[in-house]
$ cat query-v7.txt   # compact mmCIF, C-alpha atoms
# COMPACT_ATOMS: atom_id res chain seq x y z
CA MET A 1 6.99 -15.12 -15.16
CA GLY A 2 8.43 -13.64 -12.00
CA ILE A 3 11.93 -13.94 -10.62
CA VAL A 4 12.69 -17.52 -9.62
CA THR A 5 13.42 -17.96 -5.93
CA PRO A 6 16.07 -20.70 -5.59
CA GLY A 7 14.85 -23.75 -3.75
CA PHE A 8 11.16 -22.96 -4.01
CA GLU A 9 9.09 -25.72 -5.55
CA GLY A 10 5.62 -25.17 -4.11
CA ARG A 11 2.81 -27.67 -3.77
CA PRO A 12 2.41 -30.49 -6.25
CA ARG A 13 0.63 -29.14 -9.37
CA ALA A 14 -1.08 -32.36 -10.48
CA GLY A 15 -4.77 -32.46 -9.73
CA ALA A 16 -4.83 -28.87 -8.52
CA PRO A 17 -8.31 -27.41 -8.96
CA ASN A 18 -8.91 -24.50 -11.27
CA LEU A 19 -8.26 -21.59 -8.93
CA PRO A 20 -8.08 -17.90 -9.86
CA PRO A 21 -4.47 -16.64 -10.12
CA GLY A 22 -2.70 -16.07 -6.80
CA GLN A 23 -5.26 -18.01 -4.74
CA TYR A 24 -4.82 -21.12 -2.60
CA LEU A 25 -7.41 -23.57 -1.32
CA THR A 26 -8.52 -23.68 2.27
CA PRO A 27 -10.85 -26.16 3.93
CA ASP A 28 -11.57 -23.58 6.65
CA PHE A 29 -13.73 -20.51 6.49
CA PRO A 30 -11.45 -17.65 7.63
CA VAL A 31 -12.94 -14.38 8.84
CA LEU A 32 -11.91 -10.94 7.68
CA SER A 33 -13.63 -7.91 9.21
CA ALA A 34 -12.53 -4.40 10.01
CA GLY A 35 -14.11 -4.14 13.44
CA PRO A 36 -16.25 -5.83 16.07
CA THR A 37 -19.00 -8.13 14.83
CA PRO A 38 -22.37 -6.33 14.95
CA LYS A 39 -25.14 -8.27 16.71
CA VAL A 40 -28.34 -7.70 14.74
CA PRO A 41 -31.56 -9.28 16.05
CA ARG A 42 -33.92 -10.61 13.41
CA GLU A 43 -36.88 -8.87 15.06
CA THR A 44 -35.50 -5.45 14.16
CA TRP A 45 -33.58 -6.48 11.04
CA GLU A 46 -34.68 -4.87 7.81
CA PHE A 47 -33.39 -4.70 4.29
CA VAL A 48 -33.86 -1.58 2.18
CA ILE A 49 -33.23 -0.94 -1.49
CA SER A 50 -33.22 2.77 -2.30
CA THR A 51 -33.17 4.13 -5.83
CA GLU A 52 -31.48 7.11 -7.42
CA THR A 53 -34.83 8.96 -7.30
CA GLY A 54 -35.22 8.39 -3.56
CA MET A 55 -37.77 5.56 -3.69
CA GLU A 56 -37.34 2.98 -0.91
CA TYR A 57 -38.34 -0.68 -0.84
CA ARG A 58 -38.24 -2.42 2.56
CA TRP A 59 -38.41 -5.99 3.79
CA SER A 60 -38.67 -7.23 7.35
CA TRP A 61 -37.08 -10.58 8.22
CA ASP A 62 -40.40 -12.42 7.83
CA GLU A 63 -41.17 -10.68 4.55
CA MET A 64 -37.74 -11.59 3.20
CA MET A 65 -38.14 -15.22 4.30
CA ALA A 66 -41.54 -15.38 2.56
CA LEU A 67 -39.94 -14.61 -0.82
CA PRO A 68 -38.89 -17.46 -3.15
CA GLN A 69 -35.72 -19.05 -1.75
CA GLU A 70 -32.74 -20.39 -3.67
CA ALA A 71 -29.86 -22.65 -2.61
CA PRO A 72 -26.71 -21.70 -4.54
CA THR A 73 -23.52 -23.80 -4.34
CA VAL A 74 -20.61 -21.56 -5.26
CA ASP A 75 -16.83 -21.07 -5.01
CA ILE A 76 -15.69 -18.05 -3.00
CA HIS A 77 -12.42 -16.16 -3.35
CA CYS A 78 -11.04 -13.81 -0.68
CA VAL A 79 -8.61 -11.06 -1.65
CA THR A 80 -6.36 -12.27 1.19
CA ARG A 81 -5.73 -15.23 -1.17
CA TRP A 82 -7.79 -18.08 0.20
CA SER A 83 -10.44 -19.73 -1.90
CA LYS A 84 -13.10 -22.15 -0.75
CA LEU A 85 -14.88 -24.34 -3.25
CA GLY A 86 -18.43 -25.65 -3.27
CA THR A 87 -19.88 -23.59 -0.43
CA THR A 88 -23.62 -23.99 0.09
CA TRP A 89 -26.01 -21.18 0.95
CA GLN A 90 -29.69 -20.32 1.06
CA GLY A 91 -31.31 -17.01 0.43
CA VAL A 92 -33.15 -14.74 -1.95
CA SER A 93 -31.86 -13.88 -5.40
CA LEU A 94 -31.21 -10.18 -5.95
CA ASP A 95 -33.23 -10.64 -9.16
CA THR A 96 -36.25 -11.30 -6.94
CA LEU A 97 -35.56 -8.27 -4.74
CA LEU A 98 -34.89 -5.97 -7.70
CA ASP A 99 -37.92 -7.21 -9.65
CA GLY A 100 -40.34 -4.35 -10.20
CA ILE A 101 -37.98 -1.68 -8.89
CA ASP A 102 -37.90 1.22 -11.31
CA THR A 103 -34.28 2.30 -11.78
CA VAL A 104 -31.82 3.30 -14.46
CA ALA A 105 -28.89 3.32 -12.00
CA ASP A 106 -25.59 1.80 -13.12
CA TYR A 107 -24.02 1.35 -9.69
CA ALA A 108 -24.89 -0.10 -6.32
CA LEU A 109 -23.50 0.49 -2.85
CA ALA A 110 -24.21 -2.28 -0.37
CA HIS A 111 -24.26 -0.92 3.18
CA SER A 112 -24.23 -2.79 6.43
CA TYR A 113 -25.09 -2.74 10.09
CA GLY A 114 -21.88 -1.56 11.72
CA GLY A 115 -21.03 0.90 8.94
CA TYR A 116 -19.35 -1.33 6.36
CA SER A 117 -20.04 -0.69 2.68
CA SER A 118 -18.93 -1.97 -0.71
CA ASN A 119 -19.62 -0.77 -4.23
CA LEU A 120 -20.22 -2.72 -7.40
CA PRO A 121 -21.99 -2.27 -10.73
CA LEU A 122 -25.72 -2.92 -10.44
CA GLY A 123 -25.46 -5.31 -13.38
CA ASP A 124 -23.36 -7.65 -11.25
CA LEU A 125 -26.26 -8.06 -8.83
CA ARG A 126 -28.53 -9.32 -11.64
CA ASP A 127 -28.92 -12.43 -13.79
CA GLY A 128 -28.68 -15.04 -11.05
CA ARG A 129 -25.26 -13.91 -9.83
CA ALA A 130 -26.10 -12.41 -6.43
CA TRP A 131 -28.12 -13.37 -3.37
CA LEU A 132 -29.13 -12.10 0.04
CA VAL A 133 -28.24 -15.19 2.11
CA HIS A 134 -29.21 -16.21 5.65
CA THR A 135 -28.11 -19.85 5.72
CA TYR A 136 -24.62 -21.31 5.34
CA ASP A 137 -23.85 -25.03 5.15
CA GLY A 138 -27.36 -25.92 6.31
CA GLY A 139 -27.42 -23.70 9.41
CA ASP A 140 -28.09 -20.11 10.39
CA LEU A 141 -25.36 -17.85 9.04
CA PRO A 142 -23.06 -17.14 12.05
CA ALA A 143 -22.63 -13.49 13.04
CA GLU A 144 -18.87 -13.52 12.37
CA HIS A 145 -19.61 -14.59 8.81
CA GLY A 146 -22.16 -11.81 8.36
CA GLY A 147 -25.35 -13.16 9.92
CA PRO A 148 -28.21 -12.73 10.19
CA ALA A 149 -27.89 -11.99 6.46
CA ARG A 150 -25.14 -11.05 4.06
CA LEU A 151 -24.76 -10.40 0.40
CA LEU A 152 -23.32 -13.23 -1.72
CA VAL A 153 -21.71 -12.16 -5.00
CA PRO A 154 -19.31 -15.05 -5.57
CA HIS A 155 -17.97 -14.01 -8.98
CA LEU A 156 -16.21 -11.04 -7.32
CA TYR A 157 -13.68 -11.06 -4.45
CA PHE A 158 -15.51 -11.87 -1.26
CA TRP A 159 -15.26 -8.42 0.36
CA LYS A 160 -17.93 -7.37 -2.17
CA SER A 161 -20.28 -9.86 -0.46
CA ALA A 162 -21.05 -7.38 2.32
CA LYS A 163 -21.61 -8.93 5.76
CA TRP A 164 -24.51 -7.78 7.99
CA VAL A 165 -26.01 -6.14 4.93
CA ARG A 166 -28.77 -3.69 5.65
CA GLY A 167 -29.51 -2.31 2.24
CA ILE A 168 -28.43 -1.40 -1.24
CA ARG A 169 -28.31 2.11 -2.60
CA LEU A 170 -28.77 2.35 -6.36
CA MET A 171 -26.77 5.21 -7.84
CA SER A 172 -26.06 6.87 -11.16
CA GLU A 173 -22.41 7.43 -10.21
CA ASP A 174 -19.94 4.98 -8.68
CA SER A 175 -19.01 5.68 -5.06
CA PRO A 176 -16.24 3.68 -3.36
CA GLY A 177 -17.10 1.65 -0.27
CA PHE A 178 -15.05 0.83 2.81
CA TRP A 179 -12.19 -1.30 1.43
CA GLU A 180 -12.33 0.45 -1.93
CA THR A 181 -11.59 3.75 -0.18
CA ALA A 182 -8.68 2.00 1.57
CA GLY A 183 -7.04 1.05 -1.71
CA TYR A 184 -8.87 -2.06 -2.91
CA HIS A 185 -10.25 -2.43 -6.41
CA ASP A 186 -13.61 -0.94 -7.43
CA TYR A 187 -14.61 -4.08 -9.36
CA GLY A 188 -12.58 -6.97 -7.88
CA ASP A 189 -12.67 -9.76 -10.47
CA PRO A 190 -10.61 -12.65 -9.02
CA TRP A 191 -9.96 -14.14 -12.47
CA ARG A 192 -8.31 -10.88 -13.55
CA GLU A 193 -6.68 -10.58 -10.11
CA GLN A 194 -8.12 -7.11 -9.50
CA ARG A 195 -7.04 -6.84 -5.87
CA TYR A 196 -5.94 -3.25 -5.47
CA GLN A 197 -6.74 0.04 -7.20
CA GLY A 198 -4.86 0.11 -10.48
CA ASP A 199 -4.68 -3.70 -10.93
CA MET B 1 1.32 -1.47 -7.57
CA ARG B 2 4.23 -3.28 -9.16
CA TRP B 3 6.00 -6.40 -7.97
CA LEU B 4 9.47 -5.38 -6.83
CA PRO B 5 12.49 -7.66 -6.54
CA ALA B 6 13.67 -8.09 -2.96
CA ARG B 7 16.53 -9.91 -1.25
CA LEU B 8 16.94 -11.37 2.19
CA VAL B 9 19.61 -9.46 4.11
CA GLU B 10 19.07 -10.61 7.68
CA ARG B 11 17.19 -13.23 9.64
CA ARG B 12 16.39 -13.13 13.37
CA VAL B 13 14.99 -16.02 15.35
CA GLU B 14 12.01 -14.89 17.45
CA THR B 15 10.72 -18.23 18.74
CA PRO B 16 11.28 -21.88 17.80
CA THR B 17 8.65 -21.46 15.06
CA ALA B 18 8.88 -17.80 14.06
CA GLN B 19 11.55 -15.65 12.45
CA THR B 20 11.91 -12.05 11.43
CA LEU B 21 13.11 -11.59 7.87
CA VAL B 22 14.73 -8.33 6.82
CA LEU B 23 14.37 -7.74 3.09
CA GLU B 24 16.02 -5.15 0.95
CA VAL B 25 13.59 -3.81 -1.64
CA PRO B 26 15.11 -1.20 -3.96
CA GLY B 27 12.46 1.44 -4.63
CA TRP B 28 10.23 0.48 -1.69
CA PRO B 29 7.71 3.31 -1.05
CA ALA B 30 7.03 4.44 2.51
CA HIS B 31 4.46 2.55 4.59
CA LEU B 32 2.44 3.07 7.75
CA PRO B 33 2.49 0.78 10.77
CA GLY B 34 -0.26 -1.82 10.45
CA GLN B 35 0.06 -2.21 6.69
CA HIS B 36 1.10 -5.44 5.06
CA VAL B 37 3.01 -6.66 2.07
CA ASP B 38 2.41 -9.39 -0.48
CA ILE B 39 5.29 -11.79 -1.08
CA ARG B 40 5.48 -13.89 -4.22
CA LEU B 41 7.62 -16.95 -4.79
CA THR B 42 8.23 -18.41 -8.24
CA ALA B 43 9.37 -21.98 -8.91
CA PRO B 44 11.61 -22.88 -11.88
CA ASP B 45 8.56 -24.06 -13.89
CA GLY B 46 6.81 -20.72 -13.41
CA TYR B 47 4.44 -21.87 -10.64
CA GLN B 48 3.85 -19.06 -8.17
CA ALA B 49 2.56 -18.76 -4.63
CA ALA B 50 1.87 -15.48 -2.87
CA ARG B 51 0.94 -14.60 0.71
CA SER B 52 0.34 -11.45 2.73
CA TYR B 53 2.46 -10.65 5.77
CA SER B 54 2.19 -7.76 8.20
CA LEU B 55 5.14 -5.38 8.22
CA ALA B 56 6.82 -5.58 11.61
CA ALA B 57 8.66 -2.26 11.60
CA PRO B 58 8.61 1.16 10.01
CA ALA B 59 10.54 1.27 6.73
CA ASP B 60 14.27 1.85 7.10
CA GLY B 61 15.13 3.20 3.67
CA ASP B 62 14.77 0.23 1.34
CA ARG B 63 14.67 -2.27 4.18
CA ILE B 64 11.46 -3.86 5.42
CA GLU B 65 10.86 -6.43 8.16
CA LEU B 66 8.28 -9.11 8.48
CA THR B 67 7.88 -11.82 11.06
CA VAL B 68 6.81 -15.18 9.73
CA GLN B 69 5.11 -17.79 11.91
CA ARG B 70 5.65 -21.29 10.57
CA VAL B 71 2.31 -22.84 9.62
CA PRO B 72 2.51 -26.65 9.76
CA ASP B 73 2.08 -28.05 6.24
CA GLY B 74 2.12 -24.52 4.85
CA GLU B 75 3.39 -23.92 1.35
CA VAL B 76 5.17 -20.60 1.89
CA SER B 77 6.02 -20.10 5.57
CA PRO B 78 8.09 -23.30 6.01
CA PHE B 79 10.05 -22.35 2.89
CA LEU B 80 10.71 -18.83 4.18
CA ILE B 81 11.86 -20.17 7.54
CA GLU B 82 13.81 -23.26 6.54
CA THR B 83 15.00 -22.93 2.94
CA TYR B 84 15.15 -19.30 1.95
CA ARG B 85 18.77 -18.07 1.96
CA GLU B 86 20.36 -14.67 2.43
CA GLY B 87 20.85 -12.93 -0.91
CA ASP B 88 18.15 -14.96 -2.68
CA PRO B 89 15.43 -13.03 -4.52
CA VAL B 90 11.69 -12.94 -3.92
CA GLU B 91 9.14 -10.42 -5.19
CA VAL B 92 7.12 -8.09 -2.99
CA ARG B 93 4.23 -5.72 -3.57
CA GLY B 94 2.84 -3.12 -1.26
CA PRO B 95 2.20 -1.52 1.06
CA VAL B 96 -1.36 -2.83 1.32
CA GLY B 97 -4.16 -1.84 3.68
CA GLY B 98 -5.43 1.58 4.64
CA TRP B 99 -7.63 0.88 7.66
CA PHE B 100 -5.70 -1.06 10.30
CA ILE B 101 -3.05 1.65 10.54
CA TRP B 102 -1.72 4.02 13.16
CA ARG B 103 -0.45 7.40 12.03
CA PRO B 104 2.34 8.88 14.16
CA ALA B 105 0.53 12.25 14.09
CA GLN B 106 -2.35 10.72 16.09
CA THR B 107 -2.31 11.77 19.74
CA ASP B 108 -5.23 9.70 21.12
CA PRO B 109 -4.47 7.01 23.69
CA VAL B 110 -3.95 3.68 21.96
CA LEU B 111 -4.76 0.20 23.18
CA LEU B 112 -3.13 -2.66 21.30
CA VAL B 113 -4.40 -6.19 21.94
CA ALA B 114 -2.38 -9.00 20.40
CA GLY B 115 -3.11 -12.71 20.22
CA GLY B 116 -0.03 -14.77 19.34
CA SER B 117 1.58 -13.70 16.08
CA GLY B 118 -1.06 -10.95 15.85
CA VAL B 119 1.52 -8.86 17.69
CA VAL B 120 3.43 -8.21 14.45
CA PRO B 121 1.54 -5.17 13.06
CA LEU B 122 1.10 -3.86 16.61
CA MET B 123 4.86 -4.02 17.15
CA ALA B 124 5.22 -1.92 14.00
CA MET B 125 3.06 0.69 15.76
CA VAL B 126 5.14 0.52 18.96
CA ARG B 127 8.32 0.93 16.92
CA ALA B 128 6.88 3.76 14.81
CA ARG B 129 5.82 5.56 18.00
CA ARG B 130 9.38 5.39 19.22
CA ALA B 131 10.86 6.39 15.86
CA ALA B 132 8.56 9.41 15.58
CA GLY B 133 9.12 10.53 19.18
CA SER B 134 5.33 10.32 19.65
CA ARG B 135 3.95 10.87 23.14
CA ALA B 136 0.63 9.17 22.44
CA PRO B 137 -0.04 6.94 25.46
CA PHE B 138 0.24 3.29 24.38
CA ARG B 139 -0.81 0.12 26.14
CA LEU B 140 -0.17 -3.31 24.71
CA ILE B 141 -1.91 -6.42 26.01
CA TYR B 142 -0.15 -9.44 24.56
CA SER B 143 -1.71 -12.87 24.89
CA VAL B 144 0.66 -15.80 24.27
CA ARG B 145 0.73 -19.49 25.11
CA THR B 146 4.02 -19.57 26.99
CA PRO B 147 6.99 -17.26 27.62
CA THR B 148 8.97 -18.94 24.81
CA ASP B 149 6.26 -17.91 22.34
CA VAL B 150 6.81 -14.19 22.89
CA PHE B 151 8.00 -12.33 19.79
CA TYR B 152 10.45 -9.42 20.28
CA ALA B 153 10.84 -10.33 23.96
CA ASP B 154 14.13 -8.46 24.63
CA GLU B 155 13.09 -5.42 22.67
CA LEU B 156 9.73 -5.21 24.43
CA ARG B 157 11.50 -5.25 27.80
CA ARG B 158 13.79 -2.49 26.61
CA ARG B 159 10.98 -0.40 25.18
CA VAL B 160 8.97 -0.57 28.38
CA ARG B 161 12.03 0.68 30.21
CA ASP B 162 12.98 3.42 27.73
CA ASP B 163 9.77 4.53 26.00
CA ALA B 164 7.86 6.83 28.33
CA GLY B 165 4.12 6.26 28.04
CA LEU B 166 4.32 2.66 26.85
CA ASP B 167 2.96 -0.16 29.02
CA VAL B 168 3.02 -3.83 28.15
CA ALA B 169 1.02 -6.53 29.93
CA PHE B 170 1.33 -10.23 29.13
CA VAL B 171 -1.41 -12.79 29.46
CA TYR B 172 -0.27 -16.42 29.29
CA THR B 173 -2.75 -19.04 28.16
CA ARG B 174 -0.78 -22.29 28.74
CA ALA B 175 2.22 -21.68 30.98
CA ALA B 176 3.32 -18.55 32.82
CA PRO B 177 6.83 -17.54 33.90
CA GLU B 178 7.99 -17.46 37.52
CA GLY B 179 6.56 -14.52 39.36
CA TRP B 180 3.61 -13.91 37.07
CA GLN B 181 0.44 -13.23 39.01
CA GLY B 182 -2.32 -15.78 38.61
CA GLU B 183 -2.92 -18.94 36.61
CA PRO B 184 -2.61 -19.24 32.83
CA HIS B 185 -5.93 -18.30 31.25
CA ARG B 186 -7.50 -16.94 28.13
CA LEU B 187 -7.74 -13.17 27.94
CA ASN B 188 -10.81 -12.10 29.88
CA LEU B 189 -12.81 -9.05 30.86
CA ALA B 190 -10.66 -8.37 33.94
CA ASP B 191 -7.48 -8.35 31.83
CA VAL B 192 -8.93 -5.87 29.36
CA ASN B 193 -10.34 -3.77 32.19
CA THR B 194 -7.10 -3.77 34.19
CA HIS B 195 -4.54 -3.33 31.42
CA GLY B 196 -6.58 -1.36 28.88
CA TRP B 197 -7.88 2.20 28.90
CA PRO B 198 -11.30 3.13 30.28
CA PRO B 199 -13.77 3.92 27.47
CA ASP B 200 -14.21 7.54 28.58
CA LEU B 201 -10.61 8.24 27.49
CA GLU B 202 -11.83 7.32 24.01
CA PRO B 203 -8.78 5.29 23.04
CA LEU B 204 -8.28 3.97 19.57
CA VAL B 205 -8.11 0.19 19.88
CA TYR B 206 -6.32 -2.20 17.56
CA VAL B 207 -6.96 -5.92 17.97
CA CYS B 208 -5.03 -8.51 15.97
CA GLY B 209 -4.94 -12.26 16.27
CA PRO B 210 -6.73 -15.44 15.31
CA THR B 211 -10.42 -15.10 14.51
CA GLY B 212 -11.74 -16.52 17.80
CA PHE B 213 -9.43 -14.27 19.81
CA VAL B 214 -10.45 -11.15 17.92
CA GLU B 215 -14.15 -12.01 18.20
CA THR B 216 -13.82 -12.48 21.96
CA VAL B 217 -11.74 -9.38 22.60
CA SER B 218 -13.78 -7.05 20.43
CA ASP B 219 -16.99 -8.27 22.10
CA LEU B 220 -15.41 -7.59 25.52
CA LEU B 221 -14.38 -4.11 24.42
CA VAL B 222 -17.81 -3.25 23.08
CA GLY B 223 -19.33 -4.68 26.28
CA LEU B 224 -17.08 -2.39 28.34
CA GLY B 225 -18.46 0.59 26.43
CA HIS B 226 -15.89 1.17 23.71
CA PRO B 227 -17.71 2.40 20.59
CA ALA B 228 -17.43 -0.19 17.79
CA ARG B 229 -16.10 2.47 15.42
CA ARG B 230 -13.07 2.96 17.73
CA VAL B 231 -12.15 -0.72 17.61
CA ARG B 232 -10.16 -1.78 14.57
CA THR B 233 -9.53 -5.44 13.99
CA GLU B 234 -7.38 -7.66 11.87
CA ARG B 235 -8.11 -11.38 11.95
CA PHE B 236 -6.19 -14.16 10.42
CA GLY B 237 -6.92 -17.75 9.74
CA PRO B 238 -4.26 -20.14 8.58
CA THR B 239 -2.16 -18.56 5.84
CA GLY B 240 0.19 -21.42 4.96

$ encode --input "query-v7.txt" --output "structure tokens"
Amino acid sequence: MGIVTPGFEGRPRAGAPNLPPGQYLTPDFPVLSAGPTPKVPRETWEFVISTETGMEYRWSWDEMMALPQEAPTVDIHCVTRWSKLGTTWQGVSLDTLLDGIDTVADYALAHSYGGYSSNLPLGDLRDGRAWLVHTYDGGDLPAEHGGPARLLVPHLYFWKSAKWVRGIRLMSEDSPGFWETAGYHDYGDPWREQRYQGD
Amino acid sequence: MRWLPARLVERRVETPTAQTLVLEVPGWPAHLPGQHVDIRLTAPDGYQAARSYSLAAPADGDRIELTVQRVPDGEVSPFLIETYREGDPVEVRGPVGGWFIWRPAQTDPVLLVAGGSGVVPLMAMVRARRAAGSRAPFRLIYSVRTPTDVFYADELRRRVRDDAGLDVAFVYTRAAPEGWQGEPHRLNLADVNTHGWPPDLEPLVYVCGPTGFVETVSDLLVGLGHPARRVRTERFGPTG
């Protein structure tokens, strides 16, 4: 327990949902980005998975939309301490995209239009835990929230769910992405409160 | 990063709904302007709430400053503004953030664009420039609702007078003071064009404010020809 601050009581505890430590609920959908929002037309959009041996697998927008679609409802947790419960999305499971790709890589680096990147273990993109999503709350994913398509990896802090994602590089060695280079955690498990390097 | 005990040593009223808190944090490491700090409050039953706040000034030994805008119905900001007393402890952790920062060794022209309380980390840059004796040309465009909503109003006036190479332009969205040119309006292309730097000077641009403001301003900047990689943004939603 930390040092008690006299006079602080906080919000009523009763009925509080099961949030990861240090998080609070928001009904809004705040935006956190490091720079201007890239505008990526669907006509030229593509998604590329490249392997550690240099193989590349590409999808155009239409090809991606023709894949089996899923509609996950998930809780999301931002490292800036807001959490939003029961968000609804549509997109393609990473299991579908990775199916048939020959790799023994342990790590993945998601990279984005606009230069953003984020690293995570490849295993965390498998087993129904990650999606490439294009629809939020029944509508097209807005650009400020990462549209036309973003990664959705809700069991990790939300910066791992790279906006404007353009591809995933599969790698034998871990390589820190944008926020990870700036001091944020390489894994980012909200339930273990892995916010910053060393947590 | 460890949680460090901190105590309130001074409080300054900035506006009717915002105050600057000066905390003493024994063992505080140095920080760069633009970085923020996590503050954690603990209730007697062990319940905790933490929030991030931008640092408003360069570190002065063990003293740090943050400016807190009261969020209606917030859990932390109303406490910090109304209940928190001088000498009482909180815990802090930081500094946090390695992207939205200005290093005093940088010499490029700098454009700062603030929306409301988004001025806080930008003021840390203005103050760090002064403290370091930097000659980097700085321009600040500060969008606020009314003159009474301006943070650091006296100090900004003084800095413009005393700090060579610093310009400050205000844009008022609801009500303007006597003598201000034009009608209140939201920050637009002409404001950015008039009070900013032309893209060919390759300024480094820092934009901070509410999400809609940052989206609008960064789109304007990119439209004017500023490369996206030169525009750094920090957006905030409600952080009660």

$ interface_residues --input "query-v7.txt" --of "chain B" --to "chain A" --cutoff "9 Å" --atoms "all atoms listed in the file" --output "ChimeraX atom specification"
/B:1,3,5,40-52,75-76,79,83-85,88-91,96-100,207,211,214-215,217-219,221-222,228-239

$ closest_residue --input "query-v7.txt" --among "A:Arg58, A:Lys160, A:Arg192, A:Arg42" --to "Pro121 in chain A" --atoms "only C-alpha atoms"
A:Lys160

$ atom_distance --input "query-v7.txt" --atom1 "CA of Glu173 in chain A" --atom2 "CA of Asp106 in chain A"
7.1 Å

$ atom_distance --input "query-v7.txt" --atom1 "CA of Trp61 in chain A" --atom2 "CA of His134 in chain A"
10.0 Å

$ residues_around --input "query-v7.txt" --residues "range 86-95 of chain A" --least-positions-apart "5" --cutoff "9 Å" --atoms "all atoms listed in the file" --output "PyMOL selection string"
chain A and resi 64-65+67-76+125-139+141+149+152

$ residues_around --input "query-v7.txt" --residues "Phe151 in chain B" --least-positions-apart "3" --cutoff "8 Å" --atoms "all atoms listed in the file" --output "PDB file with C-alpha atoms, in the frame of the given file"
ATOM      1  CA  GLU B  14      12.010 -14.890  17.450  1.00  0.00           C
ATOM      2  CA  THR B  15      10.720 -18.230  18.740  1.00  0.00           C
ATOM      3  CA  ALA B  18       8.880 -17.800  14.060  1.00  0.00           C
ATOM      4  CA  SER B 117       1.580 -13.700  16.080  1.00  0.00           C
ATOM      5  CA  VAL B 119       1.520  -8.860  17.690  1.00  0.00           C
TER       6      VAL B 119
END

$ residues_near_point --input "query-v7.txt" --point "(2.7, -20.5, 31.8)" --cutoff "10 Å" --atoms "all atoms listed in the file" --output "list in words"
Val144, Arg145, Thr146, Pro147, Thr148, Val171, Tyr172, Thr173, Arg174, Ala175, Ala176, Pro177, Glu178, Trp180, Gly182, Glu183, Pro184 and His185 of chain B

$ axis_aligned_box --input "query-v7.txt" --around "range 133-139 of chain A" --padding-each-side "6 Å" --output "AutoDock Vina command-line options"
--center_x -26.5 --center_y -20.6 --center_z 5.8 --size_x 17.4 --size_y 22.7 --size_z 19.3

$ residues_around --input "query-v7.txt" --residues "Arg135 in chain B" --least-positions-apart "5" --cutoff "8 Å" --atoms "all atoms listed in the file" --output "PDB file with C-alpha atoms, in the coordinates of the input"
ATOM      1  CA  THR B 107      -2.310  11.770  19.740  1.00  0.00           C
ATOM      2  CA  ARG B 129       5.820   5.560  18.000  1.00  0.00           C
ATOM      3  CA  ALA B 164       7.860   6.830  28.330  1.00  0.00           C
ATOM      4  CA  GLY B 165       4.120   6.260  28.040  1.00  0.00           C
TER       5      GLY B 165
END

$ closest_residue --input "query-v7.txt" --among "B:Leu189, B:Val113, B:Val126, B:Val160" --to "Val205 in chain B" --atoms "only C-alpha atoms"
B:Val113

$ atom_distance --input "query-v7.txt" --atom1 "CA of Leu98 in chain A" --atom2 "CA of Leu151 in chain A"
13.7 Å

$ closest_residue --input "query-v7.txt" --among "B:Ala105, B:Ala30, B:Ala136, B:Leu23" --to "Ile64 in chain B" --atoms "only C-alpha atoms"
B:Leu23

$ residues_around --input "query-v7.txt" --residues "Ser143 in chain B" --least-positions-apart "4" --cutoff "7 Å" --atoms "all atoms listed in the file" --output "ChimeraX atom specification"
/B:114-116,170-172,187

$ closest_residue --input "query-v7.txt" --among "B:Leu66, B:Leu220, B:Gly61, B:Ala124" --to "Arg12 in chain B" --atoms "all atoms listed in the file"
B:Leu66

$ decode --input "query-v7.txt" --residues "range 41-70 of chain B" --atoms "C-alpha atoms" --output "short mmCIF file (atom, residue, chain, number, x, y, z; two decimals), in the first residue's frame"
data_model
loop_
_atom_site.label_atom_id
_atom_site.label_comp_id
_atom_site.auth_asym_id
_atom_site.auth_seq_id
_atom_site.Cartn_x
_atom_site.Cartn_y
_atom_site.Cartn_z
CA LEU B 41 -3.26 9.03 -4.38
CA THR B 42 -4.01 6.42 -1.72
CA ALA B 43 -7.13 6.38 0.46
CA PRO B 44 -7.09 5.07 4.05
CA ASP B 45 -8.53 1.70 2.90
CA GLY B 46 -5.72 1.24 0.36
CA TYR B 47 -7.74 2.27 -2.71
CA GLN B 48 -5.53 4.10 -5.18
CA ALA B 49 -6.05 6.39 -8.14
CA ALA B 50 -3.29 7.58 -10.45
CA ARG B 51 -3.19 10.12 -13.28
CA SER B 52 -0.57 11.57 -15.61
CA TYR B 53 0.15 15.29 -15.65
CA SER B 54 2.52 17.26 -17.85
CA LEU B 55 5.41 18.92 -16.05
CA ALA B 56 5.02 22.68 -16.38
CA ALA B 57 8.60 23.74 -15.71
CA PRO B 58 12.15 22.46 -15.80
CA ALA B 59 13.15 20.75 -12.55
CA ASP B 60 14.40 23.08 -9.83
CA GLY B 61 16.42 20.68 -7.70
CA ASP B 62 13.84 18.46 -6.04
CA ARG B 63 10.95 20.74 -6.96
CA ILE B 64 8.58 20.01 -9.82
CA GLU B 65 5.55 21.93 -11.07
CA LEU B 66 2.39 20.74 -12.67
CA THR B 67 -0.71 22.64 -13.65
CA VAL B 68 -3.98 20.85 -12.99
CA GLN B 69 -7.18 21.71 -14.84
CA ARG B 70 -10.25 20.79 -12.82
#
